[in-house]
>>> print(open('entry-v9.cif').read())   # mmCIF, N, CA and C atoms
data_entry
#
loop_
_atom_site.label_atom_id
_atom_site.label_comp_id
_atom_site.auth_asym_id
_atom_site.auth_seq_id
_atom_site.Cartn_x
_atom_site.Cartn_y
_atom_site.Cartn_z
N MET M 1 -145.80 -165.41 172.06
CA MET M 1 -145.90 -166.59 171.23
C MET M 1 -144.83 -166.56 170.14
N LEU M 2 -143.60 -166.46 170.50
CA LEU M 2 -142.52 -166.47 169.52
C LEU M 2 -142.14 -167.89 169.18
N HIS M 3 -141.49 -168.07 168.03
CA HIS M 3 -140.97 -169.38 167.66
C HIS M 3 -139.84 -169.76 168.59
N ARG M 4 -139.74 -171.06 168.86
CA ARG M 4 -138.59 -171.58 169.61
C ARG M 4 -137.65 -172.16 168.57
N GLY M 5 -136.65 -171.42 168.20
CA GLY M 5 -135.73 -171.83 167.15
C GLY M 5 -135.84 -170.88 165.97
N ALA M 6 -135.14 -171.25 164.91
CA ALA M 6 -135.04 -170.39 163.73
C ALA M 6 -136.37 -170.29 162.99
N VAL M 7 -136.65 -169.11 162.45
CA VAL M 7 -137.78 -168.91 161.55
C VAL M 7 -137.27 -169.28 160.16
N ARG M 8 -137.96 -170.22 159.50
CA ARG M 8 -137.50 -170.74 158.20
C ARG M 8 -138.15 -170.05 157.02
N HIS M 9 -139.37 -169.53 157.21
CA HIS M 9 -140.08 -168.93 156.08
C HIS M 9 -141.08 -167.91 156.59
N ILE M 10 -141.25 -166.85 155.81
CA ILE M 10 -142.23 -165.80 156.12
C ILE M 10 -143.01 -165.54 154.84
N ALA M 11 -144.34 -165.42 154.95
CA ALA M 11 -145.16 -165.09 153.79
C ALA M 11 -146.27 -164.13 154.20
N PHE M 12 -146.51 -163.13 153.36
CA PHE M 12 -147.62 -162.21 153.55
C PHE M 12 -148.83 -162.70 152.77
N SER M 13 -150.00 -162.35 153.25
CA SER M 13 -151.21 -162.63 152.49
C SER M 13 -151.24 -161.72 151.27
N PRO M 14 -152.00 -162.07 150.23
CA PRO M 14 -152.05 -161.24 149.03
C PRO M 14 -152.44 -159.79 149.31
N ASP M 15 -153.30 -159.56 150.32
CA ASP M 15 -153.72 -158.18 150.62
C ASP M 15 -152.81 -157.49 151.63
N GLY M 16 -151.80 -158.21 152.13
CA GLY M 16 -150.86 -157.61 153.08
C GLY M 16 -151.35 -157.54 154.51
N ALA M 17 -152.54 -158.04 154.79
CA ALA M 17 -153.11 -157.93 156.14
C ALA M 17 -152.57 -158.98 157.11
N LEU M 18 -152.17 -160.12 156.60
CA LEU M 18 -151.71 -161.22 157.44
C LEU M 18 -150.28 -161.60 157.12
N LEU M 19 -149.65 -162.21 158.09
CA LEU M 19 -148.29 -162.71 157.95
C LEU M 19 -148.26 -164.08 158.58
N VAL M 20 -147.68 -165.06 157.88
CA VAL M 20 -147.48 -166.38 158.47
C VAL M 20 -145.98 -166.62 158.56
N THR M 21 -145.55 -167.09 159.73
CA THR M 21 -144.15 -167.46 159.92
C THR M 21 -144.10 -168.95 160.21
N SER M 22 -143.06 -169.59 159.74
CA SER M 22 -142.90 -171.02 159.99
C SER M 22 -141.46 -171.27 160.39
N GLY M 23 -141.28 -172.27 161.26
CA GLY M 23 -139.95 -172.42 161.79
C GLY M 23 -139.50 -173.81 162.15
N ALA M 24 -138.28 -173.83 162.67
CA ALA M 24 -137.64 -175.07 163.09
C ALA M 24 -138.35 -175.72 164.26
N ASP M 25 -139.20 -174.98 164.94
CA ASP M 25 -139.94 -175.54 166.08
C ASP M 25 -141.18 -176.31 165.65
N ARG M 26 -141.33 -176.53 164.34
CA ARG M 26 -142.43 -177.33 163.79
C ARG M 26 -143.79 -176.65 163.94
N THR M 27 -143.79 -175.33 163.91
CA THR M 27 -145.05 -174.60 164.00
C THR M 27 -145.13 -173.53 162.93
N LEU M 28 -146.37 -173.13 162.65
CA LEU M 28 -146.67 -171.94 161.88
C LEU M 28 -147.41 -171.01 162.81
N ARG M 29 -147.19 -169.73 162.62
CA ARG M 29 -147.87 -168.74 163.45
C ARG M 29 -148.43 -167.66 162.54
N LEU M 30 -149.67 -167.31 162.79
CA LEU M 30 -150.38 -166.32 161.99
C LEU M 30 -150.45 -165.01 162.77
N TRP M 31 -150.08 -163.92 162.11
CA TRP M 31 -149.98 -162.61 162.75
C TRP M 31 -150.76 -161.56 161.97
N SER M 32 -151.18 -160.53 162.66
CA SER M 32 -151.69 -159.33 162.01
C SER M 32 -150.46 -158.56 161.52
N ALA M 33 -150.39 -158.30 160.23
CA ALA M 33 -149.25 -157.55 159.70
C ALA M 33 -149.28 -156.10 160.18
N ARG M 34 -150.45 -155.59 160.49
CA ARG M 34 -150.58 -154.20 160.94
C ARG M 34 -150.14 -154.02 162.39
N THR M 35 -150.59 -154.93 163.28
CA THR M 35 -150.31 -154.76 164.71
C THR M 35 -149.19 -155.65 165.24
N GLY M 36 -148.89 -156.73 164.51
CA GLY M 36 -147.89 -157.68 165.00
C GLY M 36 -148.44 -158.66 166.03
N GLU M 37 -149.73 -158.59 166.29
CA GLU M 37 -150.37 -159.47 167.28
C GLU M 37 -150.64 -160.84 166.68
N PRO M 38 -150.46 -161.92 167.49
CA PRO M 38 -150.82 -163.25 167.00
C PRO M 38 -152.34 -163.36 166.85
N LEU M 39 -152.79 -164.09 165.82
CA LEU M 39 -154.22 -164.19 165.54
C LEU M 39 -154.82 -165.53 165.92
N CYS M 40 -153.98 -166.52 166.23
CA CYS M 40 -154.49 -167.82 166.63
C CYS M 40 -153.38 -168.59 167.33
N GLN M 41 -153.72 -169.74 167.85
CA GLN M 41 -152.73 -170.61 168.46
C GLN M 41 -151.79 -171.14 167.37
N PRO M 42 -150.56 -171.52 167.74
CA PRO M 42 -149.65 -172.07 166.73
C PRO M 42 -150.25 -173.30 166.05
N MET M 43 -150.01 -173.41 164.74
CA MET M 43 -150.42 -174.56 163.96
C MET M 43 -149.22 -175.51 163.92
N ARG M 44 -149.41 -176.74 164.29
CA ARG M 44 -148.30 -177.68 164.44
C ARG M 44 -148.14 -178.60 163.24
N MET M 45 -146.88 -178.93 162.95
CA MET M 45 -146.52 -179.86 161.88
C MET M 45 -145.62 -180.95 162.47
N PRO M 46 -145.57 -182.14 161.85
CA PRO M 46 -144.72 -183.20 162.37
C PRO M 46 -143.22 -182.98 162.11
N GLY M 47 -142.87 -182.17 161.12
CA GLY M 47 -141.47 -181.88 160.81
C GLY M 47 -141.25 -180.39 160.79
N GLN M 48 -139.99 -179.99 160.55
CA GLN M 48 -139.68 -178.57 160.46
C GLN M 48 -140.34 -177.99 159.21
N VAL M 49 -141.03 -176.88 159.36
CA VAL M 49 -141.74 -176.26 158.24
C VAL M 49 -140.73 -175.46 157.42
N TYR M 50 -140.73 -175.71 156.11
CA TYR M 50 -139.79 -174.98 155.28
C TYR M 50 -140.45 -174.06 154.27
N ILE M 51 -141.77 -174.16 154.09
CA ILE M 51 -142.45 -173.25 153.17
C ILE M 51 -143.92 -173.14 153.57
N SER M 52 -144.49 -171.96 153.38
CA SER M 52 -145.91 -171.76 153.69
C SER M 52 -146.48 -170.67 152.80
N TYR M 53 -147.78 -170.74 152.60
CA TYR M 53 -148.50 -169.77 151.77
C TYR M 53 -149.81 -169.40 152.47
N ILE M 54 -150.30 -168.21 152.16
CA ILE M 54 -151.65 -167.80 152.56
C ILE M 54 -152.45 -167.67 151.28
N ALA M 55 -153.56 -168.37 151.17
CA ALA M 55 -154.37 -168.35 149.96
C ALA M 55 -155.10 -167.02 149.82
N ARG M 56 -155.42 -166.69 148.58
CA ARG M 56 -156.16 -165.47 148.25
C ARG M 56 -157.42 -165.39 149.11
N GLY M 57 -157.76 -164.21 149.54
CA GLY M 57 -158.92 -164.00 150.39
C GLY M 57 -158.66 -164.36 151.85
N ASN M 58 -157.40 -164.68 152.16
CA ASN M 58 -157.01 -165.04 153.53
C ASN M 58 -157.86 -166.19 154.07
N ARG M 59 -158.16 -167.15 153.20
CA ARG M 59 -159.05 -168.24 153.58
C ARG M 59 -158.33 -169.45 154.14
N ALA M 60 -157.05 -169.63 153.79
CA ALA M 60 -156.35 -170.85 154.21
C ALA M 60 -154.86 -170.62 154.27
N VAL M 61 -154.21 -171.44 155.07
CA VAL M 61 -152.75 -171.50 155.14
C VAL M 61 -152.34 -172.90 154.68
N LEU M 62 -151.38 -172.96 153.78
CA LEU M 62 -150.84 -174.22 153.28
C LEU M 62 -149.37 -174.27 153.64
N ALA M 63 -148.91 -175.41 154.17
CA ALA M 63 -147.51 -175.52 154.57
C ALA M 63 -146.97 -176.91 154.27
N ALA M 64 -145.65 -176.98 154.09
CA ALA M 64 -144.96 -178.26 153.88
C ALA M 64 -143.79 -178.34 154.85
N SER M 65 -143.55 -179.54 155.35
CA SER M 65 -142.44 -179.74 156.28
C SER M 65 -141.42 -180.70 155.70
N ASN M 66 -140.25 -180.76 156.32
CA ASN M 66 -139.13 -181.52 155.79
C ASN M 66 -139.35 -183.03 155.82
N ASP M 67 -140.40 -183.51 156.46
CA ASP M 67 -140.69 -184.94 156.44
C ASP M 67 -141.65 -185.31 155.31
N GLY M 68 -142.00 -184.35 154.45
CA GLY M 68 -142.88 -184.60 153.32
C GLY M 68 -144.34 -184.32 153.59
N THR M 69 -144.69 -183.91 154.81
CA THR M 69 -146.08 -183.62 155.15
C THR M 69 -146.48 -182.27 154.56
N VAL M 70 -147.68 -182.22 153.99
CA VAL M 70 -148.27 -180.97 153.53
C VAL M 70 -149.63 -180.86 154.20
N ARG M 71 -149.90 -179.72 154.82
CA ARG M 71 -151.19 -179.52 155.51
C ARG M 71 -151.83 -178.22 155.07
N LEU M 72 -153.14 -178.22 155.15
CA LEU M 72 -153.95 -177.06 154.81
C LEU M 72 -154.84 -176.74 155.99
N TRP M 73 -154.78 -175.50 156.47
CA TRP M 73 -155.65 -175.04 157.55
C TRP M 73 -156.62 -174.03 156.97
N SER M 74 -157.90 -174.25 157.17
CA SER M 74 -158.91 -173.32 156.73
C SER M 74 -159.02 -172.20 157.77
N LEU M 75 -158.97 -170.96 157.32
CA LEU M 75 -159.09 -169.82 158.23
C LEU M 75 -160.51 -169.29 158.30
N HIS M 76 -161.22 -169.33 157.18
CA HIS M 76 -162.59 -168.76 157.12
C HIS M 76 -163.47 -169.62 156.23
N GLY M 77 -163.48 -170.90 156.42
CA GLY M 77 -164.28 -171.76 155.54
C GLY M 77 -163.41 -172.43 154.50
N THR M 78 -163.98 -172.75 153.38
CA THR M 78 -163.31 -173.53 152.35
C THR M 78 -162.53 -172.63 151.40
N PRO M 79 -161.32 -173.02 151.02
CA PRO M 79 -160.57 -172.25 150.02
C PRO M 79 -161.33 -172.21 148.69
N ASP M 80 -160.99 -171.24 147.85
CA ASP M 80 -161.67 -171.08 146.57
C ASP M 80 -161.64 -172.34 145.72
N ASP M 81 -160.51 -173.00 145.61
CA ASP M 81 -160.39 -174.16 144.75
C ASP M 81 -159.51 -175.21 145.40
N PRO M 82 -160.11 -176.10 146.19
CA PRO M 82 -159.32 -177.13 146.88
C PRO M 82 -158.53 -178.02 145.93
N ALA M 83 -159.02 -178.25 144.71
CA ALA M 83 -158.29 -179.09 143.76
C ALA M 83 -156.94 -178.46 143.40
N LYS M 84 -156.91 -177.16 143.23
CA LYS M 84 -155.64 -176.48 142.92
C LYS M 84 -154.69 -176.55 144.10
N LEU M 85 -155.21 -176.39 145.31
CA LEU M 85 -154.36 -176.51 146.48
C LEU M 85 -153.82 -177.93 146.63
N MET M 86 -154.63 -178.93 146.28
CA MET M 86 -154.18 -180.32 146.33
C MET M 86 -153.04 -180.54 145.33
N GLN M 87 -153.14 -179.97 144.14
CA GLN M 87 -152.07 -180.10 143.16
C GLN M 87 -150.78 -179.50 143.70
N LEU M 88 -150.87 -178.33 144.33
CA LEU M 88 -149.68 -177.71 144.89
C LEU M 88 -149.11 -178.58 146.02
N ALA M 89 -149.98 -179.13 146.86
CA ALA M 89 -149.52 -180.00 147.94
C ALA M 89 -148.78 -181.21 147.38
N GLN M 90 -149.27 -181.78 146.30
CA GLN M 90 -148.60 -182.92 145.68
C GLN M 90 -147.23 -182.53 145.16
N LEU M 91 -147.14 -181.38 144.51
CA LEU M 91 -145.84 -180.93 144.01
C LEU M 91 -144.86 -180.65 145.14
N MET M 92 -145.35 -180.01 146.21
CA MET M 92 -144.47 -179.66 147.33
C MET M 92 -143.95 -180.90 148.04
N SER M 93 -144.78 -181.94 148.14
CA SER M 93 -144.38 -183.14 148.89
C SER M 93 -143.82 -184.24 148.01
N ASN M 94 -143.98 -184.11 146.68
CA ASN M 94 -143.57 -185.13 145.72
C ASN M 94 -144.28 -186.45 145.99
N ARG M 95 -145.51 -186.37 146.49
CA ARG M 95 -146.32 -187.55 146.80
C ARG M 95 -147.75 -187.32 146.33
N GLN M 96 -148.46 -188.43 146.14
CA GLN M 96 -149.88 -188.34 145.80
C GLN M 96 -150.62 -189.50 146.45
N ILE M 97 -151.93 -189.40 146.49
CA ILE M 97 -152.77 -190.47 147.03
C ILE M 97 -153.18 -191.35 145.86
N ASP M 98 -152.94 -192.66 145.98
CA ASP M 98 -153.28 -193.57 144.89
C ASP M 98 -154.75 -193.97 144.95
N ALA M 99 -155.16 -194.83 144.03
CA ALA M 99 -156.57 -195.20 143.88
C ALA M 99 -157.15 -195.91 145.10
N VAL M 100 -156.30 -196.52 145.93
CA VAL M 100 -156.80 -197.24 147.11
C VAL M 100 -156.56 -196.47 148.40
N GLY M 101 -156.14 -195.21 148.29
CA GLY M 101 -155.97 -194.37 149.46
C GLY M 101 -154.58 -194.39 150.07
N GLY M 102 -153.64 -195.07 149.44
CA GLY M 102 -152.27 -195.07 149.92
C GLY M 102 -151.50 -193.86 149.41
N VAL M 103 -150.38 -193.56 150.04
CA VAL M 103 -149.54 -192.44 149.62
C VAL M 103 -148.35 -193.01 148.87
N VAL M 104 -148.14 -192.52 147.66
CA VAL M 104 -147.04 -193.00 146.81
C VAL M 104 -146.28 -191.81 146.25
N ALA M 105 -145.03 -192.06 145.85
CA ALA M 105 -144.22 -191.01 145.24
C ALA M 105 -144.79 -190.66 143.87
N LEU M 106 -144.70 -189.39 143.50
CA LEU M 106 -145.12 -188.96 142.17
C LEU M 106 -144.14 -189.51 141.14
N SER M 107 -144.66 -189.99 140.02
CA SER M 107 -143.79 -190.39 138.93
C SER M 107 -143.26 -189.13 138.25
N GLN M 108 -142.17 -189.27 137.49
CA GLN M 108 -141.63 -188.12 136.75
C GLN M 108 -142.70 -187.56 135.81
N ARG M 109 -143.45 -188.45 135.17
CA ARG M 109 -144.48 -188.01 134.22
C ARG M 109 -145.57 -187.21 134.94
N GLU M 110 -146.04 -187.74 136.08
CA GLU M 110 -147.10 -187.04 136.83
C GLU M 110 -146.59 -185.72 137.39
N ARG M 111 -145.35 -185.70 137.87
CA ARG M 111 -144.77 -184.46 138.39
C ARG M 111 -144.70 -183.41 137.28
N GLY M 112 -144.30 -183.83 136.09
CA GLY M 112 -144.25 -182.91 134.95
C GLY M 112 -145.63 -182.38 134.58
N ARG M 113 -146.64 -183.25 134.63
CA ARG M 113 -148.00 -182.83 134.33
C ARG M 113 -148.49 -181.79 135.33
N LEU M 114 -148.24 -182.05 136.62
CA LEU M 114 -148.67 -181.10 137.65
C LEU M 114 -147.88 -179.79 137.57
N ALA M 115 -146.59 -179.90 137.31
CA ALA M 115 -145.77 -178.69 137.20
C ALA M 115 -146.24 -177.83 136.03
N GLY M 116 -146.71 -178.47 134.97
CA GLY M 116 -147.24 -177.73 133.83
C GLY M 116 -148.49 -176.95 134.17
N ARG M 117 -149.19 -177.38 135.20
CA ARG M 117 -150.40 -176.68 135.65
C ARG M 117 -150.11 -175.66 136.74
N LEU M 118 -148.87 -175.55 137.17
CA LEU M 118 -148.53 -174.67 138.29
C LEU M 118 -148.96 -173.22 138.04
N HIS M 119 -148.89 -172.76 136.81
CA HIS M 119 -149.30 -171.39 136.52
C HIS M 119 -150.75 -171.13 136.92
N ALA M 120 -151.59 -172.16 136.90
CA ALA M 120 -152.99 -171.99 137.28
C ALA M 120 -153.13 -171.73 138.78
N LEU M 121 -152.10 -172.06 139.56
CA LEU M 121 -152.16 -171.86 141.01
C LEU M 121 -151.83 -170.43 141.41
N GLN M 122 -151.15 -169.70 140.57
CA GLN M 122 -150.68 -168.36 140.93
C GLN M 122 -151.76 -167.42 141.42
N PRO M 123 -152.98 -167.41 140.84
CA PRO M 123 -153.99 -166.48 141.34
C PRO M 123 -154.44 -166.73 142.77
N ILE M 124 -154.27 -167.94 143.30
CA ILE M 124 -154.78 -168.19 144.64
C ILE M 124 -153.69 -168.18 145.71
N LEU M 125 -152.44 -168.02 145.30
CA LEU M 125 -151.36 -168.10 146.27
C LEU M 125 -150.52 -166.85 146.27
N GLN M 126 -149.92 -166.59 147.39
CA GLN M 126 -148.98 -165.47 147.52
C GLN M 126 -147.73 -166.02 148.18
N ARG M 127 -146.60 -165.89 147.53
CA ARG M 127 -145.35 -166.36 148.12
C ARG M 127 -144.81 -165.33 149.07
#
>>> encode(input="entry-v9.cif", output="structure tokens")
Amino acid sequence: MLHRGAVRHIAFSPDGALLVTSGADRTLRLWSARTGEPLCQPMRMPGQVYISYIARGNRAVLAASNDGTVRLWSLHGTPDDPAKLMQLAQLMSNRQIDAVGGVVALSQRERGRLAGRLHALQPILQR
């Protein structure tokens, strides 16, 4: 289950047990860092994946692709704080969901507000 094309990003889980790779083939792949064995089927994205994270406790994988899509895959139930992951997804994609459910670009003011809260995300993410 190797990537077809270049690997664009690699991230370890906070405890070092897992590794996620993301690539030009529009997939993420989750591996055992100890054995190198794949742990699940490839996770697909609509665009090339350029960044990915594994949340603390190995509960979720978060990824962003070059078309602006941000996705969250739950590995073992719900992440510790979905609101914090949503803030990171908004920053990564430069988009947010408006009051009527549409997707709109973040304003400079809103982007600054979310970026100011980025430090709160550090405990749940591992780059």
>>> residues_around(input="entry-v9.cif", residues="region 23-27 of chain M", least_positions_apart="4", cutoff="6.5 Å", atoms="all atoms listed in the file", output="list of chain:residue names")
M:His3, M:Arg4, M:Gly5, M:Ala6, M:Val7, M:Arg8, M:His9, M:Pro42, M:Met43, M:Arg44, M:Met45, M:Pro46, M:Gly47, M:Gln48, M:Val49, M:Tyr50
>>> atom_distance(input="entry-v9.cif", atom1="atom N of Leu18 (chain M)", atom2="CA of Arg71 (chain M)")
19.5 Å
>>> residues_around(input="entry-v9.cif", residues="Leu62 (chain M)", least_positions_apart="3", cutoff="5 Å", atoms="all atoms listed in the file", output="MDAnalysis selection string")
chainID M and resid 52:53 71:72
>>> select_by_dssp(input="entry-v9.cif", residues="region 3-114 of chain M", states="alpha helix (DSSP H)", output="list in words")
Pro82, Ala83, Lys84, Leu85, Met86, Gln87, Leu88, Ala89, Gln90, Leu91, Met92, Ser93, Gln108, Arg109, Glu110, Arg111, Gly112, Arg113 and Leu114 of chain M
>>> resolve_selection(input="entry-v9.cif", expression="the PyMOL selection byres ((chain M and resi 92-98) around 8)", output="list in words")
Ala63, Ala64, Ser65, Asp67, Gly68, Thr69, Val70, Met86, Gln87, Leu88, Ala89, Gln90, Leu91, Ala99, Val100, Gly101, Gly102, Val103, Val104, Ala105, Leu106, Ser107 and Arg111 of chain M
>>> resolve_selection(input="entry-v9.cif", expression="the PyMOL selection byres ((chain M and resi 14) around 6)", output="number ranges by chain")
M: 12-13, 15-17, 54-56, 126
>>> atom_distance(input="entry-v9.cif", atom1="CA of Leu39 (chain M)", atom2="atom N of Ile10 (chain M)")
16.4 Å
>>> atom_distance(input="entry-v9.cif", atom1="CA of Val61 (chain M)", atom2="CA of Ser74 (chain M)")
6.6 Å
>>> select_by_dssp(input="entry-v9.cif", residues="region 13-101 of chain M", states="strand (DSSP E)", output="NGL selection string")
:M and (18-23 or 27-32 or 43-44 or 49-55 or 60-65 or 70-74 or 95-97)
>>> resolve_selection(input="entry-v9.cif", expression="the PyMOL selection byres (((chain M and resi 40 and name CA) around 8) and name CA)", output="PyMOL selection string")
chain M and resi 29-31+38-39+41-42
